[in-house]
Amino acid sequence: MASEVFAKIGRHCRLVTAALIAGPWPGRDIGDIEAALQGRAPTTQAAVVAGVLALLAAFSFFAGQFGLIGLAVFWLAVILLIA
């Protein structure tokens with residue numbers, strides 16, 4: 001049961017990471033990035049996912065220093081990056 005939950009969380013984290021990487025990379029879509037991540041060793045996958053999500057958290061903490069307007073700008077940037 002717990003391993004299924006962790007596997008599902010891992011898939012979602014990889015998908016978010018792929019979306020954040022594919023956003024500013026012209027000519028690449030989420031599927032390409034996710035396939036490239038799947039082809040890597042599990043430790044490399046974990047390092048890439050952890051690094052991207054840590055940067056996302058760091059940027060959100062920085063934006064939080066500017067209050068609600070900073071957080072609104074942060075989420076707008078994330079949405080535009082992924083879309």
# chains A, B, ... in the order shown; residues from 1 in each chain; ligands from 1
$ residues_around --residues "Ile30 of chain A" --least-positions-apart "6" --cutoff "10 Å" --atoms "only C-alpha atoms" --output "JSON list (two decimals) with N, CA and C atoms, in the first residue's frame"
[["chain", "number", "residue", "atom", "x", "y", "z"],
["A", 15, "LEU", "N", 6.29, 14.38, -13.40],
["A", 15, "LEU", "CA", 5.47, 15.11, -14.37],
["A", 15, "LEU", "C", 5.59, 16.62, -14.16],
["A", 16, "VAL", "N", 5.56, 17.07, -12.91],
["A", 16, "VAL", "CA", 5.73, 18.50, -12.62],
["A", 16, "VAL", "C", 7.12, 18.96, -13.05],
["A", 17, "THR", "N", 8.12, 18.15, -12.75],
["A", 17, "THR", "CA", 9.49, 18.50, -13.15],
["A", 17, "THR", "C", 9.60, 18.59, -14.66],
["A", 18, "ALA", "N", 9.03, 17.63, -15.37],
["A", 18, "ALA", "CA", 9.08, 17.65, -16.84],
["A", 18, "ALA", "C", 8.37, 18.88, -17.39],
["A", 19, "ALA", "N", 7.25, 19.25, -16.79],
["A", 19, "ALA", "CA", 6.52, 20.43, -17.26],
["A", 19, "ALA", "C", 7.33, 21.71, -17.03],
["A", 20, "LEU", "N", 8.00, 21.79, -15.89],
["A", 20, "LEU", "CA", 8.80, 22.98, -15.59],
["A", 20, "LEU", "C", 10.04, 23.07, -16.46],
["A", 21, "ILE", "N", 10.61, 21.93, -16.83],
["A", 21, "ILE", "CA", 11.79, 21.94, -17.69],
["A", 21, "ILE", "C", 11.39, 22.22, -19.14],
["A", 22, "ALA", "N", 10.27, 21.63, -19.59],
["A", 22, "ALA", "CA", 9.86, 21.77, -20.98],
["A", 22, "ALA", "C", 9.33, 23.16, -21.30],
["A", 23, "GLY", "N", 8.87, 23.88, -20.28],
["A", 23, "GLY", "CA", 8.30, 25.21, -20.51],
["A", 23, "GLY", "C", 9.22, 26.16, -21.26],
["A", 36, "ALA", "N", 12.96, 11.27, -21.33],
["A", 36, "ALA", "CA", 14.39, 11.41, -21.03],
["A", 36, "ALA", "C", 14.67, 11.13, -19.56],
["A", 82, "ILE", "N", 4.39, 26.75, -17.50],
["A", 82, "ILE", "CA", 3.90, 25.41, -17.82],
["A", 82, "ILE", "C", 2.97, 25.44, -19.03]]
$ select_by_dssp --residues "chain A" --states "helix (DSSP H, G or I)" --output "PyMOL selection string"
chain A and resi 2-22+30-38+42-64+67-82
$ atom_distance --atom1 "atom CA of Leu81 of chain A" --atom2 "atom CA of Ser60 of chain A"
14.4 Å
$ residues_around --residues "Val73 of chain A" --least-positions-apart "6" --cutoff "12 Å" --atoms "only C-alpha atoms" --output "list in words"
Phe59, Ser60, Phe62, Ala63, Gly64, Gln65, Phe66, Gly67, Ile79 and Leu80 of chain A
$ write_last_selection --atoms "C-alpha atoms" --output "PDB file, in the first residue's frame"
ATOM      1  CA  PHE A  59      11.579  30.797  -5.488  1.00  0.00           C
ATOM      2  CA  SER A  60       8.217  30.555  -3.736  1.00  0.00           C
ATOM      3  CA  PHE A  62      11.532  34.420  -2.039  1.00  0.00           C
ATOM      4  CA  ALA A  63       8.271  35.553  -3.636  1.00  0.00           C
ATOM      5  CA  GLY A  64       6.550  35.166  -0.278  1.00  0.00           C
ATOM      6  CA  GLN A  65       8.798  37.900   1.089  1.00  0.00           C
ATOM      7  CA  PHE A  66       6.838  40.337  -1.080  1.00  0.00           C
ATOM      8  CA  GLY A  67       3.457  39.338   0.329  1.00  0.00           C
ATOM      9  CA  ILE A  79       1.317  28.963 -14.830  1.00  0.00           C
ATOM     10  CA  LEU A  80       2.711  30.807 -17.847  1.00  0.00           C
TER      11      LEU A  80
END
